[in-house]
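Engineer: After the structure tokens below, expect a handful of questions from me.
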Amino acid sequence: HYFIQSNLRMTLPTHTSNGSWICQKDSISRQYKFLRRVFKLKFNQMDFQFAAWQMFYLLTTPSRVYKNSQIRKHTKDQWARDDPAFTVLLAGFLAISSILFAVILKLSVPGFFQFLLWVVFIDFIGVGLVIAGVCWYACSYLTKNEGHGQLVEFGYSFDVHCNAFFPVLVIMHVLQPLCWHIFIDGDSRVATFLGNSLWVLAIASYVYITFLGYAALPYIRGSEKLLYTIGVVLIVFVLSVVLNNNWGRHLINFYRFRIGE
């Protein structure tokens with residue numbers, strides 16, 4: 001039942017400019033309260049059990065995270081999360097998993113913390129805000145042109161990014177480091193195939209969960225076009241194996257260059 005009362009918000013239909021402003025103001029107020037709870041870190045007010053439940057299903061059956069969205073729309077009138085537990089737990093998981101990369105990169109203690117700041121604030125939050133912003137703008141543009149009078153919250157777009165990012169984190173920051181010395185760090189095409197396969201799996205997971213997030217909005221049409229990206233990635237993957245271009249090695253070299261160690 002708590003899932004039904006979960007934290008996604010949809011702005012109500014508006015037919016006047018004043019009503020639209022009221023909805024946007026209310027949305028901004030909710031996002032401010034969300035951020036305030038994040039920075040105050042009142043863990044006793046965060047439902048980490050529910051956040052962990054969501055993470056589990058994002059790895060197994062991600063459609064279950066979104067399938068009750070219609071019910072949640074009528075219960076809390078909210079698409080974006082009002083509980084920062086998922087974001088906090090995701091950042092903590094990212095910090096712990098970064099230790100594996102620190103071992104591969106042989107980072108010093110200062111180097112590890114520098115690496116951690118990069119992956120949390122740039123790779124996760126920074127890139128996530130950019131992707132969420134692009135998706136939010138595209139959805140807002142489509143709904144405006146189709147005359148639905150309904151707005152997509154930016155907070156919900158960032159929630160979709162966080163949902164899609166978690167499987168990527170598990171694949172790229174846990175599986176890849178664990179398998180690095182076993183079969184990825186090699187000169188053969190087999191190593192390239194196995195290593196790049198993890199990238200394809202991570203990208204496909206991100207795209208699919210992002211698709212599910214926007215497909216859950218009843219006034220968004222054409223979200224299935226996002227899935228075409230997977231076909232493009234598969235073509236690039238085949239070319240990378242033919243050319244023996246190991247993406248994992250490029251990532252490691254990029255991390256070393258960024259940290260300067």
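Each chain in the structure tokens gets a letter, A, B and so on, in the order shown; residues start at 1 in every chain, and ligands are counted from 1 in the order they appear.
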Near range 252-254 of chain A, within 10 Å and counting only C-alpha atoms, which residues show up once chain neighbours fewer than 6 positions away are dropped, as a VMD selection string?
Structural biologist: chain A and resid 101 104 to 105 260
Engineer: Hey, can you spit out that residue selection with C-alpha atoms as a PDB file, in the first residue's frame?
Structural biologist:
ATOM      1  CA  PHE A 101      37.451   1.464  -9.311  1.00  0.00           C
ATOM      2  CA  ILE A 104      41.872  -0.824 -10.294  1.00  0.00           C
ATOM      3  CA  LEU A 105      43.184   2.709 -10.737  1.00  0.00           C
ATOM      4  CA  GLY A 260      45.782  13.050 -12.654  1.00  0.00           C
TER       5      GLY A 260
END
Engineer: Can you work out which one of A:Leu59, A:Ile99, A:Ala80, A:Ser140 has the shortest atom-to-atom distance to Tyr219 in chain A, counting only C-alpha atoms?
Structural biologist: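 Selected residue with least distance to Tyr219 in chain A: A:Ser140.
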Engineer: Restricting the calculation to only C-alpha atoms, which member of A:Gly186, A:Thr87, A:Tyr208, A:Cys179 is positioned closest to Thr61 in chain A?
Structural biologist: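 The answer is A:Tyr208, which sits nearest to Thr61 in chain A.
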Engineer: Of the candidates A:Cys139, A:Ala132, A:Val238, A:Lys106, which one gets nearest to Ala215 in chain A if we count only C-alpha atoms?
Structural biologist: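 For Ala215 in chain A, the nearest of the candidates is A:Cys139.
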Engineer: Using only C-alpha atoms, which protein or nucleic acid residues come within 10 Å of Val134 in chain A? Drop anything in the same chain fewer than 6 positions from it, and give the result as a ChimeraX atom specification.
Structural biologist: /A:128,140,154,157
Engineer: Point out the residue among A:Cys162, A:Leu251, A:Ala204, A:Val109 with the least atom-to-atom distance to Tyr228 in chain A, counting only C-alpha atoms.
Structural biologist: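 For Tyr228 in chain A, the nearest of the candidates is A:Ala204.
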Engineer: Can you pull out the residues contacting Leu178 in chain A? Cut-off 10 Å, using only C-alpha atoms, and skip same-chain residues under 5 positions away; I want them as a VMD selection string.
Structural biologist: chain A and resid 100 to 101 104 171 to 173 183 to 184
Engineer: To test your reading of the structure, identify every residue in range 30-166 of chain A that backbone DSSP assigns to alpha helix (DSSP H), and report it as an NGL selection string.
Structural biologist: :A and (30-40 or 48-60 or 63-66 or 69-75 or 85-105 or 109-117 or 127-146 or 154-166)
Engineer: May I ask which of the residues A:Leu90, A:Ala138, A:Ala52, A:Ile122 is the closest one to Ser223 in chain A, counting only C-alpha atoms?
Structural biologist: A:Ala138
